[in-house]
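What follows is the content of model.pdb (PDB, C-alpha atoms, pLDDT in the B column).
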```
ATOM      1  CA  MET A   1     169.886  84.486 137.381  1.00 48.00           C
ATOM      2  CA  ALA A   2     166.816  82.513 138.412  1.00 53.00           C
ATOM      3  CA  GLN A   3     165.158  85.801 139.417  1.00 51.00           C
ATOM      4  CA  LEU A   4     165.694  87.187 135.914  1.00 51.00           C
ATOM      5  CA  ASN A   5     163.584  84.402 134.412  1.00 56.00           C
ATOM      6  CA  ARG A   6     160.661  85.473 136.601  1.00 57.00           C
ATOM      7  CA  LEU A   7     160.680  89.103 135.449  1.00 56.00           C
ATOM      8  CA  HIS A   8     158.060  90.040 132.924  1.00 62.00           C
ATOM      9  CA  VAL A   9     159.661  93.205 131.606  1.00 61.00           C
ATOM     10  CA  SER A  10     159.898  93.752 127.880  1.00 67.00           C
ATOM     11  CA  ASP A  11     161.910  96.985 128.067  1.00 68.00           C
ATOM     12  CA  PRO A  12     165.611  96.144 128.667  1.00 67.00           C
ATOM     13  CA  ASP A  13     166.248  99.693 129.924  1.00 69.00           C
ATOM     14  CA  ILE A  14     164.160  99.067 133.035  1.00 68.00           C
ATOM     15  CA  ALA A  15     165.154  95.445 133.663  1.00 65.00           C
ATOM     16  CA  ASP A  16     167.721  96.450 136.306  1.00 67.00           C
ATOM     17  CA  ALA A  17     165.186  98.615 138.127  1.00 66.00           C
ATOM     18  CA  ALA A  18     162.637  95.805 138.008  1.00 64.00           C
ATOM     19  CA  MET A  19     165.202  93.390 139.427  1.00 60.00           C
ATOM     20  CA  LEU A  20     166.038  95.756 142.284  1.00 60.00           C
ATOM     21  CA  CYS A  21     162.348  96.148 143.065  1.00 58.00           C
ATOM     22  CA  ARG A  22     161.972  92.377 143.188  1.00 57.00           C
ATOM     23  CA  PHE A  23     164.847  92.163 145.680  1.00 57.00           C
ATOM     24  CA  LEU A  24     163.241  94.795 147.902  1.00 55.00           C
ATOM     25  CA  ILE A  25     159.767  93.257 148.020  1.00 54.00           C
ATOM     26  CA  PRO A  26     159.409  91.419 151.352  1.00 53.00           C
ATOM     27  CA  ARG A  27     158.429  87.801 150.972  1.00 50.00           C
ATOM     28  CA  PRO A  28     157.450  86.478 154.435  1.00 50.00           C
ATOM     29  CA  ALA A  29     157.218  82.894 153.187  1.00 49.00           C
ATOM     30  CA  LEU A  30     160.993  82.940 152.701  1.00 47.00           C
ATOM     31  CA  ALA A  31     161.749  83.896 156.326  1.00 48.00           C
ATOM     32  CA  THR A  32     161.912  80.250 157.397  1.00 47.00           C
ATOM     33  CA  LEU A  33     164.167  79.385 154.459  1.00 47.00           C
ATOM     34  CA  ARG A  34     166.458  82.314 155.216  1.00 47.00           C
ATOM     35  CA  ALA A  35     166.737  81.365 158.881  1.00 48.00           C
ATOM     36  CA  ARG A  36     167.461  77.740 157.926  1.00 51.00           C
ATOM     37  CA  SER A  37     169.968  78.697 155.230  1.00 51.00           C
ATOM     38  CA  TYR A  38     171.838  81.418 157.095  1.00 53.00           C
ATOM     39  CA  GLY A  39     171.379  80.393 160.723  1.00 57.00           C
ATOM     40  CA  THR A  40     169.375  83.466 161.685  1.00 61.00           C
ATOM     41  CA  ALA A  41     167.163  86.132 160.213  1.00 60.00           C
ATOM     42  CA  ARG A  42     169.116  89.325 159.592  1.00 57.00           C
ATOM     43  CA  SER A  43     168.127  92.949 159.126  1.00 55.00           C
ATOM     44  CA  TRP A  44     169.007  94.956 156.036  1.00 52.00           C
ATOM     45  CA  ALA A  45     171.731  96.746 158.011  1.00 54.00           C
ATOM     46  CA  GLN A  46     173.208  93.424 159.105  1.00 54.00           C
ATOM     47  CA  TRP A  47     173.345  92.174 155.490  1.00 57.00           C
ATOM     48  CA  LEU A  48     175.036  95.413 154.405  1.00 55.00           C
ATOM     49  CA  HIS A  49     177.520  94.983 157.237  1.00 51.00           C
ATOM     50  CA  LEU A  50     178.253  91.374 156.249  1.00 56.00           C
ATOM     51  CA  ALA A  51     178.877  92.551 152.681  1.00 56.00           C
ATOM     52  CA  ASP A  52     181.371  95.163 153.991  1.00 52.00           C
ATOM     53  CA  LEU A  53     179.154  97.948 152.637  1.00 50.00           C
ATOM     54  CA  LEU A  54     178.333  99.610 155.957  1.00 53.00           C
ATOM     55  CA  GLU A  55     181.756 100.431 157.338  1.00 59.00           C
ATOM     56  CA  GLY A  56     181.068 104.142 157.753  1.00 57.00           C
ATOM     57  CA  GLY A  57     177.323 103.719 158.134  1.00 54.00           C
ATOM     58  CA  LEU A  58     174.447 104.487 155.810  1.00 51.00           C
ATOM     59  CA  ARG A  59     173.280 108.086 156.205  1.00 55.00           C
ATOM     60  CA  THR A  60     169.503 108.600 156.127  1.00 55.00           C
ATOM     61  CA  SER A  61     167.379 111.651 156.836  1.00 53.00           C
ATOM     62  CA  ARG A  62     166.751 110.343 160.371  1.00 57.00           C
ATOM     63  CA  GLY A  63     170.230 109.136 161.341  1.00 60.00           C
ATOM     64  CA  THR A  64     173.084 106.864 160.366  1.00 62.00           C
ATOM     65  CA  ILE A  65     172.319 103.174 160.134  1.00 72.00           C
ATOM     66  CA  THR A  66     175.280 101.145 161.306  1.00 78.00           C
ATOM     67  CA  VAL A  67     176.169  97.983 163.185  1.00 79.00           C
ATOM     68  CA  ALA A  68     177.584  97.990 166.714  1.00 84.00           C
ATOM     69  CA  THR A  69     180.701  96.075 167.756  1.00 85.00           C
ATOM     70  CA  ASP A  70     178.592  93.156 168.987  1.00 86.00           C
ATOM     71  CA  GLY A  71     176.705  92.931 165.669  1.00 84.00           C
ATOM     72  CA  ASN A  72     173.549  94.688 166.820  1.00 85.00           C
ATOM     73  CA  PRO A  73     171.982  96.959 164.192  1.00 82.00           C
ATOM     74  CA  CYS A  74     171.723 100.611 165.241  1.00 84.00           C
ATOM     75  CA  ARG A  75     169.590 103.376 163.723  1.00 81.00           C
ATOM     76  CA  SER A  76     171.813 106.225 164.873  1.00 84.00           C
ATOM     77  CA  MET A  77     175.312 106.963 166.051  1.00 83.00           C
ATOM     78  CA  LEU A  78     173.858 107.654 169.512  1.00 88.00           C
ATOM     79  CA  GLU A  79     172.446 104.107 169.591  1.00 91.00           C
ATOM     80  CA  ARG A  80     175.754 102.698 168.403  1.00 89.00           C
ATOM     81  CA  HIS A  81     177.707 104.556 171.076  1.00 90.00           C
ATOM     82  CA  VAL A  82     175.394 103.273 173.829  1.00 95.00           C
ATOM     83  CA  ASP A  83     175.334  99.710 172.438  1.00 94.00           C
ATOM     84  CA  ASP A  84     179.140  99.668 172.204  1.00 92.00           C
ATOM     85  CA  PHE A  85     179.362 100.922 175.792  1.00 95.00           C
ATOM     86  CA  LEU A  86     176.993  98.168 176.988  1.00 96.00           C
ATOM     87  CA  HIS A  87     178.959  95.524 175.091  1.00 95.00           C
ATOM     88  CA  HIS A  88     182.432  96.653 176.179  1.00 94.00           C
ATOM     89  CA  SER A  89     181.250  97.092 179.777  1.00 95.00           C
ATOM     90  CA  GLY A  90     179.885  93.556 179.966  1.00 95.00           C
ATOM     91  CA  ILE A  91     176.282  94.658 180.470  1.00 96.00           C
ATOM     92  CA  ALA A  92     173.956  92.016 179.038  1.00 95.00           C
ATOM     93  CA  HIS A  93     171.384  93.556 176.698  1.00 96.00           C
ATOM     94  CA  ASP A  94     168.850  92.533 174.088  1.00 94.00           C
ATOM     95  CA  ILE A  95     167.818  94.855 171.295  1.00 92.00           C
ATOM     96  CA  GLU A  96     164.374  96.187 170.440  1.00 91.00           C
ATOM     97  CA  PRO A  97     162.181  94.544 173.087  1.00 94.00           C
ATOM     98  CA  ALA A  98     158.478  95.030 172.498  1.00 93.00           C
ATOM     99  CA  TYR A  99     156.470  97.075 174.944  1.00 95.00           C
ATOM    100  CA  PRO A 100     153.290  95.356 176.166  1.00 94.00           C
ATOM    101  CA  ARG A 101     150.184  96.041 174.111  1.00 92.00           C
ATOM    102  CA  HIS A 102     147.757  98.571 175.535  1.00 92.00           C
ATOM    103  CA  PRO A 103     144.422  99.664 174.017  1.00 91.00           C
ATOM    104  CA  ASP A 104     145.305 103.376 174.237  1.00 91.00           C
ATOM    105  CA  LEU A 105     149.064 103.705 174.718  1.00 89.00           C
ATOM    106  CA  ASN A 106     150.411 100.949 172.466  1.00 89.00           C
ATOM    107  CA  THR A 107     148.285  99.911 169.529  1.00 90.00           C
ATOM    108  CA  THR A 108     151.140  99.958 167.003  1.00 89.00           C
ATOM    109  CA  GLY A 109     153.762  97.669 168.554  1.00 90.00           C
ATOM    110  CA  LEU A 110     156.135 100.135 170.220  1.00 93.00           C
ATOM    111  CA  ARG A 111     159.669  98.927 170.886  1.00 93.00           C
ATOM    112  CA  ALA A 112     162.449 100.107 173.163  1.00 95.00           C
ATOM    113  CA  ASP A 113     166.088 100.259 172.075  1.00 94.00           C
ATOM    114  CA  TRP A 114     167.392  97.759 174.653  1.00 95.00           C
ATOM    115  CA  LEU A 115     166.284  95.456 177.428  1.00 97.00           C
ATOM    116  CA  LEU A 116     168.690  94.887 180.321  1.00 97.00           C
ATOM    117  CA  HIS A 117     168.822  91.601 182.249  1.00 95.00           C
ATOM    118  CA  ASP A 118     166.760  92.963 185.151  1.00 96.00           C
ATOM    119  CA  GLY A 119     163.838  94.020 182.935  1.00 96.00           C
ATOM    120  CA  THR A 120     164.855  97.668 182.525  1.00 97.00           C
ATOM    121  CA  TYR A 121     164.014  99.161 179.139  1.00 97.00           C
ATOM    122  CA  VAL A 122     166.519 101.661 177.743  1.00 97.00           C
ATOM    123  CA  GLU A 123     165.717 104.332 175.160  1.00 96.00           C
ATOM    124  CA  ALA A 124     168.285 106.464 173.308  1.00 94.00           C
ATOM    125  CA  LEU A 125     166.437 109.681 172.498  1.00 93.00           C
ATOM    126  CA  GLY A 126     168.002 111.021 169.340  1.00 87.00           C
ATOM    127  CA  MET A 127     165.427 113.666 168.402  1.00 85.00           C
ATOM    128  CA  PRO A 128     163.703 114.753 171.628  1.00 86.00           C
ATOM    129  CA  GLU A 129     162.932 118.214 170.231  1.00 87.00           C
ATOM    130  CA  GLU A 130     160.905 116.884 167.270  1.00 89.00           C
ATOM    131  CA  PRO A 131     157.183 117.056 168.221  1.00 92.00           C
ATOM    132  CA  ALA A 132     156.071 113.699 166.767  1.00 91.00           C
ATOM    133  CA  TYR A 133     159.117 111.958 168.277  1.00 90.00           C
ATOM    134  CA  ALA A 134     158.530 113.624 171.660  1.00 94.00           C
ATOM    135  CA  ALA A 135     154.877 112.509 171.611  1.00 93.00           C
ATOM    136  CA  LYS A 136     155.942 108.908 170.958  1.00 93.00           C
ATOM    137  CA  VAL A 137     158.450 109.083 173.817  1.00 95.00           C
ATOM    138  CA  ALA A 138     155.729 110.465 176.106  1.00 95.00           C
ATOM    139  CA  ARG A 139     153.500 107.482 175.203  1.00 94.00           C
ATOM    140  CA  LYS A 140     156.365 105.094 175.968  1.00 95.00           C
ATOM    141  CA  ARG A 141     157.001 106.775 179.337  1.00 96.00           C
ATOM    142  CA  GLU A 142     153.317 106.607 180.243  1.00 96.00           C
ATOM    143  CA  LEU A 143     153.115 102.975 179.130  1.00 95.00           C
ATOM    144  CA  ALA A 144     156.190 102.084 181.208  1.00 96.00           C
ATOM    145  CA  ARG A 145     154.696 103.859 184.231  1.00 96.00           C
ATOM    146  CA  HIS A 146     151.318 102.167 183.703  1.00 95.00           C
ATOM    147  CA  THR A 147     152.814  98.663 183.365  1.00 95.00           C
ATOM    148  CA  GLY A 148     155.567  99.037 185.978  1.00 96.00           C
ATOM    149  CA  ILE A 149     158.431  98.679 183.501  1.00 96.00           C
ATOM    150  CA  PRO A 150     161.611 100.412 184.680  1.00 97.00           C
ATOM    151  CA  LEU A 151     162.605 102.835 181.899  1.00 97.00           C
ATOM    152  CA  LEU A 152     165.917 104.618 181.428  1.00 97.00           C
ATOM    153  CA  THR A 153     166.120 107.349 178.790  1.00 96.00           C
ATOM    154  CA  LEU A 154     169.363 108.742 177.400  1.00 96.00           C
ATOM    155  CA  THR A 155     170.215 111.731 175.230  1.00 93.00           C
ATOM    156  CA  ALA A 156     173.449 112.785 173.554  1.00 90.00           C
ATOM    157  CA  GLU A 157     174.209 114.909 176.638  1.00 92.00           C
ATOM    158  CA  ASP A 158     174.428 111.676 178.683  1.00 94.00           C
ATOM    159  CA  LEU A 159     177.206 110.072 176.619  1.00 91.00           C
ATOM    160  CA  ASN A 160     180.012 111.283 178.900  1.00 91.00           C
ATOM    161  CA  ARG A 161     178.182 109.910 181.950  1.00 94.00           C
ATOM    162  CA  LEU A 162     177.420 106.346 180.785  1.00 95.00           C
ATOM    163  CA  PRO A 163     179.603 104.647 183.437  1.00 95.00           C
ATOM    164  CA  GLU A 164     177.769 106.632 186.110  1.00 96.00           C
ATOM    165  CA  ILE A 165     174.315 106.054 184.596  1.00 97.00           C
ATOM    166  CA  PHE A 166     174.851 102.303 184.171  1.00 97.00           C
ATOM    167  CA  ALA A 167     176.791 101.803 187.421  1.00 96.00           C
ATOM    168  CA  ALA A 168     174.103  99.517 188.859  1.00 95.00           C
ATOM    169  CA  TRP A 169     174.426  97.151 185.884  1.00 96.00           C
ATOM    170  CA  LEU A 170     178.215  97.041 185.617  1.00 93.00           C
ATOM    171  CA  PRO A 171     179.628  93.632 186.530  1.00 87.00           C
ATOM    172  CA  ALA A 172     181.536  93.612 189.796  1.00 79.00           C
ATOM    173  CA  ALA A 173     185.242  94.076 189.156  1.00 61.00           C
ATOM    174  CA  PRO A 174     187.517  91.355 190.534  1.00 60.00           C
ATOM    175  CA  ALA A 175     189.514  92.369 193.578  1.00 57.00           C
ATOM    176  CA  THR A 176     193.011  93.115 192.247  1.00 56.00           C
ATOM    177  CA  GLY A 177     194.280  95.389 194.961  1.00 52.00           C
ATOM    178  CA  GLY A 178     194.965  98.147 192.456  1.00 49.00           C
ATOM    179  CA  ALA A 179     193.161 100.605 190.279  1.00 50.00           C
ATOM    180  CA  THR A 180     191.303  99.251 187.287  1.00 50.00           C
ATOM    181  CA  THR A 181     190.913 100.881 183.928  1.00 47.00           C
ATOM    182  CA  PRO A 182     187.397 100.897 182.455  1.00 47.00           C
ATOM    183  CA  ALA A 183     186.950  99.177 179.109  1.00 45.00           C
ATOM    184  CA  PRO A 184     187.102 101.518 176.099  1.00 47.00           C
ATOM    185  CA  PHE A 185     183.907 102.214 174.186  1.00 43.00           C
TER     186      PHE A 185
END
```

In structure tokens, what does this structure look like?
Amino acid sequence: MAQLNRLHVSDPDIADAAMLCRFLIPRPALATLRARSYGTARSWAQWLHLADLLEGGLRTSRGTITVATDGNPCRSMLERHVDDFLHHSGIAHDIEPAYPRHPDLNTTGLRADWLLHDGTYVEALGMPEEPAYAAKVARKRELARHTGIPLLTLTAEDLNRLPEIFAAWLPAAPATGGATTPAPF
């Protein structure tokens, strides 16, 4: 209601649209207040998830925005599948680590999808056949090579091989004397 008093719209037919626009305008000065009030800054997808509005995901032209089991926001179902695998397999991971700046290869603040505990960057390549996307991936690969960052790239074809691909990062299973069943993902 306090927001309504700040609107300067004389036409009642567009008041709702004006209010929605006000909600969508980023206000960086409020970031500190939000973090203090809610404990942490959250993405739009995380707020939708908290409001129970993202259960099936939000379909966009570039993928489905959803939230993984561990609460990490994901921009595609491929990302969610990989994130859920990492979480259920006990592989520590941080989301969206920044690549180092580089005067030619990274002038825009490129980010990876995940960072593993040993410094490996992981990318889920959802649209490798799209030229602009492929060019960005090529820049990331070159940047990783140039800076010595270990980089692991995944495509949808890799989903059935995740235990094999991430074998080096899987926590050691306790000796039980019998067969173990991998965690579901």

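Put simply, the PyMOL selection byres ((chain A and resi 120) around 9) on this file hits Trp114, Leu115, Leu116, His117, Asp118, Gly119, Tyr121, Val122, Ile149, Pro150, Leu151 and Leu152 of chain A.
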
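Computed from the coordinates, the CA of Thr107 in chain A to CA of Ile95 in chain A distance equals 20.3 Å.
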
For the atom pair CA of Arg75 in chain A and CA of Leu159 in chain A, what is the interatomic distance in Å to one decimal place?
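Taking CA of Arg75 in chain A and CA of Leu159 in chain A, their separation equals 16.4 Å.
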
Work out where the centre of an axis-aligned box around every listed atom of range 120-133 of chain A lies and how long its edges are once 5 Å is added on each side; give both in Å to one decimal as lines of an AutoDock Vina configuration file.
```
center_x = 162.2
center_y = 107.9
center_z = 174.6
size_x = 22.2
size_y = 30.5
size_z = 25.8
```

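The space separating CA of Ala98 in chain A from CA of Phe85 in chain A comes to 21.9 Å.
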
Using all atoms listed in the file for the distances, tell me which of A:Ala68, A:Ala135, A:His87, A:Leu143 is nearest to Pro103 in chain A.
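The closest residue to Pro103 in chain A is A:Leu143.
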
Would you write out, as a list of chain:residue names, every residue that the PyMOL selection byres ((chain A and resi 72) around 10) captures in this file?
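In the shown coordinates, the PyMOL selection byres ((chain A and resi 72) around 10) covers A:Ser43, A:Ala45, A:Gln46, A:Thr66, A:Val67, A:Ala68, A:Thr69, A:Asp70, A:Gly71, A:Pro73, A:Cys74, A:Glu79, A:Arg80, A:Asp83, A:Asp84, A:His87, A:Asp94, A:Ile95, A:Glu96.
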
Using only C-alpha atoms: which of A:Ser76, A:Ile65, A:Leu105, A:Pro100 has the shortest distance to Glu142 in chain A
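Answer, going by the shortest atom-to-atom distance: A:Leu105.
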
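In this comparison, which uses all atoms listed in the file, the residue of A:Pro131, A:Asp104, A:Ala168, A:Leu125 approaching His146 in chain A most closely is A:Asp104.
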